[in-house]
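Chemist: This is the content of entry27.cif (mmCIF, C-alpha atoms):
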```cif
data_data
#
loop_
_atom_site.label_atom_id
_atom_site.label_comp_id
_atom_site.auth_asym_id
_atom_site.auth_seq_id
_atom_site.Cartn_x
_atom_site.Cartn_y
_atom_site.Cartn_z
CA MET A 11 -50.01 0.65 27.22
CA THR A 12 -49.03 -2.99 26.88
CA VAL A 13 -51.21 -6.07 27.13
CA ILE A 14 -49.78 -9.55 27.57
CA LEU A 15 -52.24 -11.96 25.98
CA VAL A 16 -52.02 -15.36 27.66
CA ARG A 17 -53.83 -18.41 26.41
CA HIS A 18 -54.86 -20.70 29.25
CA GLY A 19 -52.74 -23.77 29.93
CA ARG A 20 -53.57 -27.12 28.43
CA SER A 21 -56.96 -28.33 29.59
CA VAL A 22 -58.61 -31.72 29.79
CA ALA A 23 -60.59 -30.66 26.71
CA ASN A 24 -57.49 -29.98 24.60
CA THR A 25 -56.60 -33.68 24.52
CA SER A 26 -60.12 -35.11 24.52
CA GLY A 27 -60.92 -34.69 20.83
CA VAL A 28 -64.10 -32.81 21.78
CA LEU A 29 -64.96 -29.13 21.21
CA ALA A 30 -65.63 -28.09 24.81
CA GLY A 31 -66.41 -24.42 24.12
CA ARG A 32 -68.07 -22.81 27.13
CA THR A 33 -68.88 -26.06 28.93
CA PRO A 34 -68.42 -25.41 32.66
CA GLY A 35 -66.00 -27.43 34.77
CA VAL A 36 -63.27 -27.83 32.15
CA ALA A 37 -60.07 -27.74 34.20
CA LEU A 38 -56.38 -27.70 33.39
CA ASP A 39 -54.74 -31.11 33.11
CA ASP A 40 -51.42 -31.93 34.81
CA LYS A 41 -49.39 -30.34 32.03
CA GLY A 42 -51.64 -27.27 32.08
CA ARG A 43 -51.10 -26.82 35.81
CA SER A 44 -47.34 -27.04 35.25
CA GLN A 45 -47.62 -24.44 32.50
CA ALA A 46 -49.54 -22.12 34.83
CA ALA A 47 -46.82 -22.46 37.46
CA GLU A 48 -44.10 -21.83 34.87
CA LEU A 49 -45.84 -18.69 33.64
CA VAL A 50 -44.49 -16.76 36.62
CA ASN A 51 -40.86 -17.43 35.66
CA ARG A 52 -41.53 -16.87 31.97
CA LEU A 53 -42.85 -13.39 32.67
CA GLY A 54 -39.57 -12.61 34.40
CA PRO A 55 -38.92 -9.10 35.69
CA CYS A 56 -42.17 -7.75 34.23
CA VAL A 57 -44.10 -9.44 37.07
CA GLU A 58 -43.36 -6.32 39.11
CA GLN A 59 -44.85 -4.10 36.37
CA ILE A 60 -48.20 -5.86 36.07
CA THR A 61 -51.06 -3.57 37.08
CA ALA A 62 -54.00 -5.97 36.67
CA VAL A 63 -55.06 -9.40 35.42
CA ALA A 64 -58.19 -9.68 33.28
CA ARG A 65 -59.49 -13.07 32.28
CA SER A 66 -62.26 -15.10 30.70
CA PRO A 67 -64.83 -16.35 33.23
CA LEU A 68 -64.10 -19.98 32.35
CA GLN A 69 -62.42 -22.20 34.92
CA ARG A 70 -59.33 -23.02 32.86
CA CYS A 71 -58.41 -19.34 32.65
CA GLY A 72 -58.93 -18.80 36.37
CA GLU A 73 -56.64 -21.75 37.11
CA THR A 74 -54.01 -20.40 34.72
CA VAL A 75 -53.68 -16.98 36.37
CA ALA A 76 -54.01 -18.12 40.00
CA PRO A 77 -50.29 -18.91 40.50
CA LEU A 78 -49.36 -15.59 38.86
CA LEU A 79 -51.61 -13.57 41.15
CA ALA A 80 -50.16 -15.37 44.17
CA ALA A 81 -46.60 -14.74 42.97
CA ILE A 82 -47.23 -11.03 42.42
CA ALA A 83 -48.58 -10.72 45.96
CA GLU A 84 -45.61 -12.63 47.39
CA GLN A 85 -42.89 -10.90 45.37
CA THR A 86 -44.18 -7.35 45.45
CA GLY A 87 -46.56 -7.17 48.40
CA ARG A 88 -49.24 -5.94 45.98
CA ARG A 89 -52.59 -7.54 45.32
CA VAL A 90 -53.36 -6.61 41.75
CA PRO A 91 -57.00 -6.73 40.70
CA GLU A 92 -58.35 -9.85 39.00
CA VAL A 93 -61.04 -8.73 36.56
CA VAL A 94 -63.42 -11.34 35.12
CA VAL A 95 -64.53 -10.19 31.67
CA ASP A 96 -67.39 -11.93 29.87
CA ASP A 97 -66.25 -10.56 26.50
CA LEU A 98 -62.98 -12.50 26.82
CA ALA A 99 -64.87 -15.81 27.05
CA GLU A 100 -64.45 -18.68 24.65
CA VAL A 101 -66.37 -18.70 21.38
CA ASP A 102 -70.01 -19.72 21.79
CA TYR A 103 -69.99 -22.75 19.51
CA GLY A 104 -73.71 -23.34 19.98
CA SER A 105 -74.82 -26.84 18.98
CA TRP A 106 -71.24 -27.71 18.03
CA THR A 107 -70.33 -27.64 21.74
CA ASN A 108 -69.15 -31.00 23.10
CA ARG A 109 -69.23 -32.66 19.69
CA PRO A 110 -66.20 -34.73 18.61
CA ILE A 111 -63.88 -32.82 16.30
CA LYS A 112 -63.74 -35.79 13.91
CA ASP A 113 -67.49 -35.45 13.35
CA LEU A 114 -67.28 -31.70 12.78
CA LEU A 115 -64.77 -32.20 9.97
CA ALA A 116 -67.62 -33.43 7.76
CA GLU A 117 -69.78 -30.34 8.37
CA PRO A 118 -69.92 -27.85 5.45
CA LEU A 119 -69.35 -25.05 7.97
CA TRP A 120 -65.94 -26.49 8.83
CA LYS A 121 -64.51 -25.33 5.49
CA VAL A 122 -66.01 -21.87 6.02
CA VAL A 123 -64.34 -21.64 9.43
CA GLN A 124 -61.03 -22.57 7.83
CA GLN A 125 -61.19 -20.52 4.64
CA HIS A 126 -63.67 -17.67 5.22
CA PRO A 127 -63.97 -17.28 9.01
CA SER A 128 -65.52 -13.82 8.83
CA ALA A 129 -68.63 -15.51 7.37
CA ALA A 130 -68.72 -18.36 9.87
CA VAL A 131 -71.65 -18.40 12.32
CA PHE A 132 -71.95 -21.43 14.58
CA PRO A 133 -75.45 -22.95 14.71
CA GLU A 134 -77.28 -21.62 17.77
CA GLY A 135 -74.04 -19.85 18.69
CA GLU A 136 -72.13 -16.77 17.58
CA GLY A 137 -70.17 -15.76 14.50
CA LEU A 138 -66.40 -15.32 14.48
CA SER A 139 -66.90 -11.71 13.40
CA GLN A 140 -68.93 -11.18 16.58
CA VAL A 141 -66.15 -12.80 18.60
CA GLN A 142 -63.58 -10.41 17.18
CA ALA A 143 -65.80 -7.37 17.72
CA ARG A 144 -66.47 -8.12 21.39
CA ALA A 145 -62.91 -9.20 22.17
CA VAL A 146 -61.20 -6.26 20.50
CA ALA A 147 -63.60 -3.78 22.09
CA ALA A 148 -62.94 -5.33 25.51
CA ILE A 149 -59.15 -5.33 25.11
CA ARG A 150 -59.03 -1.72 23.95
CA ARG A 151 -61.36 -0.59 26.73
CA LEU A 152 -59.40 -2.46 29.37
CA ASP A 153 -56.14 -1.10 27.99
CA ARG A 154 -57.37 2.43 28.59
CA GLU A 155 -58.52 1.54 32.09
CA LEU A 156 -55.61 -0.64 33.25
CA GLY A 157 -52.65 1.10 31.65
CA GLY A 158 -52.00 3.26 34.71
CA GLU A 159 -52.12 7.01 35.12
CA ASP A 160 -49.30 7.64 32.66
CA GLY A 161 -50.39 4.92 30.23
CA SER A 162 -47.19 2.90 30.61
CA GLY A 163 -48.74 0.04 32.58
CA VAL A 164 -48.45 -3.63 31.67
CA TRP A 165 -51.45 -5.89 32.20
CA ILE A 166 -52.50 -9.48 31.52
CA ALA A 167 -55.47 -10.74 29.52
CA CYS A 168 -56.00 -14.51 29.81
CA SER A 169 -58.34 -15.94 27.19
CA HIS A 170 -58.74 -18.62 24.52
CA GLY A 171 -57.07 -19.50 21.23
CA ASP A 172 -59.51 -18.11 18.67
CA VAL A 173 -60.26 -15.07 20.82
CA ILE A 174 -56.57 -14.16 21.06
CA LYS A 175 -56.08 -14.83 17.35
CA SER A 176 -58.87 -12.39 16.54
CA VAL A 177 -57.29 -9.69 18.73
CA ILE A 178 -53.87 -10.17 17.13
CA SER A 179 -55.40 -10.10 13.66
CA ASP A 180 -56.99 -6.74 14.46
CA ALA A 181 -53.74 -5.38 15.93
CA MET A 182 -51.90 -6.39 12.76
CA GLY A 183 -54.48 -4.62 10.62
CA ALA A 184 -55.25 -7.92 8.92
CA HIS A 185 -58.65 -9.13 7.78
CA LEU A 186 -60.29 -11.74 9.98
CA ASP A 187 -60.14 -14.16 7.05
CA THR A 188 -56.36 -14.39 7.62
CA PHE A 189 -56.56 -15.23 11.32
CA GLN A 190 -56.22 -18.98 10.79
CA ARG A 191 -52.62 -18.25 9.79
CA ILE A 192 -51.90 -17.29 13.41
CA VAL A 193 -50.95 -20.06 15.85
CA ILE A 194 -51.70 -19.67 19.57
CA GLU A 195 -50.61 -22.63 21.70
CA PRO A 196 -51.78 -23.39 25.24
CA ALA A 197 -49.99 -21.17 27.79
CA SER A 198 -48.43 -19.11 25.00
CA ILE A 199 -47.76 -15.39 25.43
CA SER A 200 -48.46 -12.71 22.84
CA ILE A 201 -47.79 -9.01 23.45
CA VAL A 202 -49.46 -5.96 21.93
CA ARG A 203 -48.65 -2.36 22.78
CA TYR A 204 -51.44 0.05 21.92
CA GLY A 205 -49.79 3.30 20.85
CA ALA A 206 -51.41 6.64 20.22
CA THR A 207 -51.68 6.02 16.49
CA ARG A 208 -51.58 2.24 16.04
CA PRO A 209 -51.04 -1.06 17.86
CA TYR A 210 -47.61 -2.68 17.81
CA VAL A 211 -47.43 -6.48 17.85
CA GLN A 212 -44.35 -7.32 19.92
CA THR A 213 -44.61 -11.10 20.35
CA VAL A 214 -46.87 -13.87 19.08
CA ASN A 215 -47.19 -17.41 20.46
CA ASN A 216 -44.10 -17.25 22.65
CA THR A 217 -43.58 -20.21 24.95
CA ALA A 218 -40.24 -19.10 26.38
CA VAL A 219 -39.18 -16.19 28.60
CA ILE A 220 -40.53 -12.91 27.27
CA SER A 221 -39.32 -9.36 26.82
CA ILE A 222 -41.53 -6.31 27.30
CA PRO A 223 -41.18 -3.31 24.95
CA SER A 224 -39.92 -0.16 26.59
CA PRO A 225 -42.54 2.61 26.65
CA PRO A 226 -41.95 5.42 24.14
CA PRO A 227 -40.03 8.43 25.52
CA LYS A 228 -42.10 11.20 27.01
CA LYS A 229 -42.93 14.02 24.60
CA SER A 230 -41.13 17.25 25.37
CA HIS A 231 -43.42 20.22 25.97
CA ASP A 232 -41.00 22.22 23.81
CA ALA A 233 -41.29 19.87 20.83
CA PRO A 234 -42.67 21.41 17.62
CA SER A 235 -46.31 20.59 16.94
CA HIS A 236 -45.50 18.67 13.78
CA ASN A 237 -43.60 16.16 15.93
CA ALA A 238 -46.57 15.55 18.22
CA THR A 239 -46.72 11.82 17.50
CA ALA A 240 -43.08 11.22 16.56
CA GLU A 241 -42.34 9.39 19.81
CA ASP A 242 -44.93 6.78 18.86
CA ASP A 243 -43.89 6.32 15.23
CA ALA A 244 -42.46 3.06 13.92
CA THR A 245 -38.68 2.95 13.52
CA ILE A 246 -37.76 3.17 9.83
CA GLY A 247 -35.48 0.29 8.96
CA GLY A 248 -36.52 -1.70 12.03
CA GLU A 249 -35.92 -1.53 15.76
CA THR A 250 -32.35 -0.61 16.70
CA GLY A 251 -32.06 -2.82 19.77
CA THR A 252 -30.59 0.05 21.80
CA ASP A 253 -32.97 -0.47 24.74
CA ASN A 254 -30.73 -3.38 25.83
CA THR A 255 -33.77 -5.61 26.15
CA PRO A 256 -33.07 -9.32 25.45
CA ARG A 257 -35.09 -10.69 22.56
CA PRO A 258 -35.89 -14.39 23.05
CA ALA A 259 -36.39 -16.52 19.99
CA THR A 260 -39.98 -16.97 18.85
CA SER A 261 -41.33 -20.40 19.68
CA ALA A 262 -41.80 -23.02 17.02
CA GLN A 263 -45.21 -22.99 15.43
CA ALA A 264 -47.44 -25.95 16.18
CA PRO A 265 -51.15 -26.70 16.07
CA ALA A 266 -52.87 -24.74 18.81
CA GLY A 267 -55.33 -27.43 19.90
CA ARG A 268 -58.87 -26.77 21.10
CA GLY A 269 -60.26 -24.32 23.62
#
```
Please lay out the structure from this file as structure tokens.
Modeler:
Amino acid sequence: MTVILVRHGRSVANTSGVLAGRTPGVALDDKGRSQAAELVNRLGPCVEQITAVARSPLQRCGETVAPLLAAIAEQTGRRVPEVVVDDLAEVDYGSWTNRPIKDLLAEPLWKVVQQHPSAAVFPEGEGLSQVQARAVAAIRRLDRELGGEDGSGVWIACSHGDVIKSVISDAMGAHLDTFQRIVIEPASISIVRYGATRPYVQTVNNTAVISIPSPPPKKSHDAPSHNATAEDDATIGGETGTDNTPRPATSAQAPAGRG
């Protein structure tokens, strides 16, 4: 089961210098709307494989996936479900919400967020550990529900920078205190396949055309019991590239912005 994690396109908050958080009415700006429109082409042939689109309830995520949902309906004749998921919402920054970033730099908590995020709890808001717990639980639950009958389905989860970073950190088996090393730009695509024994991180922060990992081969009923999970094991020495899937270059890393 494969989830394509999409950060919303650039919003009016990303360039405002203010931490918008969950403030209602934060829309995409002109560039963000262009990014949302481009998302359809960037997903390429996998548009036909998408079984569902889950998203944060915030406006900027709804605006990001709207062109994709329309394109799926037009190209395939299917209307895939759009699932609004509260646990994919932006971090609740509490009393930090709508404060200028330049003012927050002087707060003692700022250094904790940067260096020890697992201990960071926003005043009157939530902690980053709570964010990771709710987001990871939601993604794994949705992956079981939206992966299709045979578990080979591809689905979209549209959310926010720190939320996606926390999900990727978990998928990598890394401590939350390392998640600030991950960059997630507006409209970027990250891909995780949840296998039977572990997640596989396929792509992180891609801003070009993507490739989707082929599902593992079906297990033969005649296979010996000791090979029960062999089809989901990592390839020793690295992937062979024999699935003929193009591998686009990973995008350059840049500051992810806000929201």
Chemist: From the options A:Pro209, A:Thr33, A:Leu15, A:Val28, which residue's atoms come nearest to Ile111 of chain A, counting only C-alpha atoms?
Modeler: A:Val28
Chemist: So, counting all atoms listed in the file, which residue among A:Pro91, A:Gly27, A:Gly269, A:Gly205 is closest to Ser169 of chain A?
Modeler: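 Smallest distance to Ser169 of chain A is found for A:Gly269.
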Chemist: With the PyMOL selection byres ((chain A and resi 202) around 9) as the selection, what would be picked from this file? Answer as an mmCIF file with C-alpha atoms, in the frame of the given file, please.
Modeler:
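Heads up, here's the output in result.cif:
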```
data_model
loop_
_atom_site.group_PDB
_atom_site.id
_atom_site.type_symbol
_atom_site.label_atom_id
_atom_site.label_comp_id
_atom_site.auth_asym_id
_atom_site.auth_seq_id
_atom_site.Cartn_x
_atom_site.Cartn_y
_atom_site.Cartn_z
ATOM 1 C CA MET A 11 -50.010 0.650 27.220
ATOM 2 C CA THR A 12 -49.030 -2.990 26.880
ATOM 3 C CA VAL A 13 -51.210 -6.070 27.130
ATOM 4 C CA ILE A 14 -49.780 -9.550 27.570
ATOM 5 C CA LEU A 15 -52.240 -11.960 25.980
ATOM 6 C CA ILE A 178 -53.870 -10.170 17.130
ATOM 7 C CA ALA A 181 -53.740 -5.380 15.930
ATOM 8 C CA SER A 200 -48.460 -12.710 22.840
ATOM 9 C CA ILE A 201 -47.790 -9.010 23.450
ATOM 10 C CA ARG A 203 -48.650 -2.360 22.780
ATOM 11 C CA TYR A 204 -51.440 0.050 21.920
ATOM 12 C CA PRO A 209 -51.040 -1.060 17.860
ATOM 13 C CA TYR A 210 -47.610 -2.680 17.810
ATOM 14 C CA VAL A 211 -47.430 -6.480 17.850
ATOM 15 C CA GLN A 212 -44.350 -7.320 19.920
ATOM 16 C CA THR A 213 -44.610 -11.100 20.350
ATOM 17 C CA VAL A 214 -46.870 -13.870 19.080
#
```
Chemist: Which residues, named as in the file, does the PyMOL selection byres ((chain A and resi 129-133) around 12) pick out? Answer as an NGL selection string.
Modeler: :A and (31 or 101-107 or 114 or 117-128 or 134-142 or 185-187)
Chemist: Please enumerate the residues selected by the PyMOL selection byres ((chain A and resi 26) around 12) when evaluated against the supplied file, formatted as a short mmCIF file (atom, residue, chain, number, x, y, z; two decimals) with C-alpha atoms, keeping the file's coordinate frame.
Modeler:
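Generated output (out09.cif):
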```
data_model
loop_
_atom_site.label_atom_id
_atom_site.label_comp_id
_atom_site.auth_asym_id
_atom_site.auth_seq_id
_atom_site.Cartn_x
_atom_site.Cartn_y
_atom_site.Cartn_z
CA ARG A 20 -53.57 -27.12 28.43
CA SER A 21 -56.96 -28.33 29.59
CA VAL A 22 -58.61 -31.72 29.79
CA ALA A 23 -60.59 -30.66 26.71
CA ASN A 24 -57.49 -29.98 24.60
CA THR A 25 -56.60 -33.68 24.52
CA GLY A 27 -60.92 -34.69 20.83
CA VAL A 28 -64.10 -32.81 21.78
CA LEU A 29 -64.96 -29.13 21.21
CA ALA A 30 -65.63 -28.09 24.81
CA VAL A 36 -63.27 -27.83 32.15
CA ASP A 39 -54.74 -31.11 33.11
CA ASN A 108 -69.15 -31.00 23.10
CA ARG A 109 -69.23 -32.66 19.69
CA PRO A 110 -66.20 -34.73 18.61
CA ILE A 111 -63.88 -32.82 16.30
CA LYS A 112 -63.74 -35.79 13.91
CA GLY A 267 -55.33 -27.43 19.90
CA ARG A 268 -58.87 -26.77 21.10
CA GLY A 269 -60.26 -24.32 23.62
#
```
Chemist: Using all atoms listed in the file, which protein or nucleic acid residues come within 9 Å of Ile199 of chain A? Drop anything in the same chain fewer than 2 positions from it, and give the result as a list in words.
Modeler: Ile14, Leu15, Val16, Arg17, Leu53, Ile194, Glu195, Pro196, Ala197, Ile201, Thr213, Val214, Asn215, Asn216, Thr217, Ala218 and Ile220 of chain A
Chemist: Using all atoms listed in the file, pick whichever of A:Leu115, A:Val173, A:Leu49, A:Ala147 has the shortest atom-to-atom distance to Ile82 of chain A.
Modeler: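 Checking each of A:Leu115, A:Val173, A:Leu49, A:Ala147 against Ile82 of chain A, counting all atoms listed in the file, the winner is A:Leu49.
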Chemist: Quick one: distance from atom CA of Glu58 of chain A to atom CA of Asp180 of chain A in Å, one decimal?
Modeler: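 If I compute the distance from atom CA of Glu58 of chain A to atom CA of Asp180 of chain A, I get 28.2 Å.
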Chemist: So, with all atoms listed in the file as the atoms that count, which of A:Gly19, A:Gly157, A:Pro77, A:Pro55 lies closest to Lys41 of chain A?
Modeler: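 Once distances to Lys41 of chain A are computed over all atoms listed in the file, the minimum belongs to A:Gly19.
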Chemist: How many Å lie between atom CA of Phe189 of chain A and atom CA of Ala143 of chain A, rounded to one decimal?
Modeler: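 Distance between the two atoms: 13.7 Å.
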Chemist: May I ask for the distance between atom CA of Pro34 of chain A and atom CA of Gly171 of chain A, given in Å to one decimal place?
Modeler: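 Atom CA of Pro34 of chain A sits 17.2 Å away from atom CA of Gly171 of chain A.
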Chemist: Which of these residues is nearest to Arg88 of chain A, using all atoms listed in the file: A:Ile60, A:Leu152, A:Ile174, A:Asp113?
Modeler: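 Checking each of A:Ile60, A:Leu152, A:Ile174, A:Asp113 against Arg88 of chain A, counting all atoms listed in the file, the winner is A:Ile60.
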Chemist: Calculate, to one decimal in Å, the centre and edge lengths of the box along x, y and z of the file that holds all listed atoms of segment 188-203 of chain A with 6 Å of margin on each side, and present them as lines of an AutoDock Vina configuration file.
Modeler:
```
center_x = -52.2
center_y = -12.9
center_z = 17.7
size_x = 20.8
size_y = 33.0
size_z = 32.2
```
Chemist: Have a look at A:Ala99, A:Asp153, A:Val93, A:Leu78 and name the one nearest to Arg52 of chain A; count all atoms listed in the file.
Modeler: A:Leu78
Chemist: Contacts between segment 65-71 of chain A and segment 105-168 of chain A, please, where a residue of segment 105-168 of chain A counts if it comes within 8 Å (with all atoms listed in the file); show its shortest atom pair and distance in Å to one decimal, rows by chain and ascending number, as JSON lines.
Modeler:
```
{"residue": "A:Ile166", "atom": "CA", "partner": "A:Arg65", "partner_atom": "CA", "distance": 7.9}
{"residue": "A:Ala167", "atom": "CA", "partner": "A:Arg65", "partner_atom": "CA", "distance": 5.4}
{"residue": "A:Cys168", "atom": "CA", "partner": "A:Arg65", "partner_atom": "CA", "distance": 4.5}
```
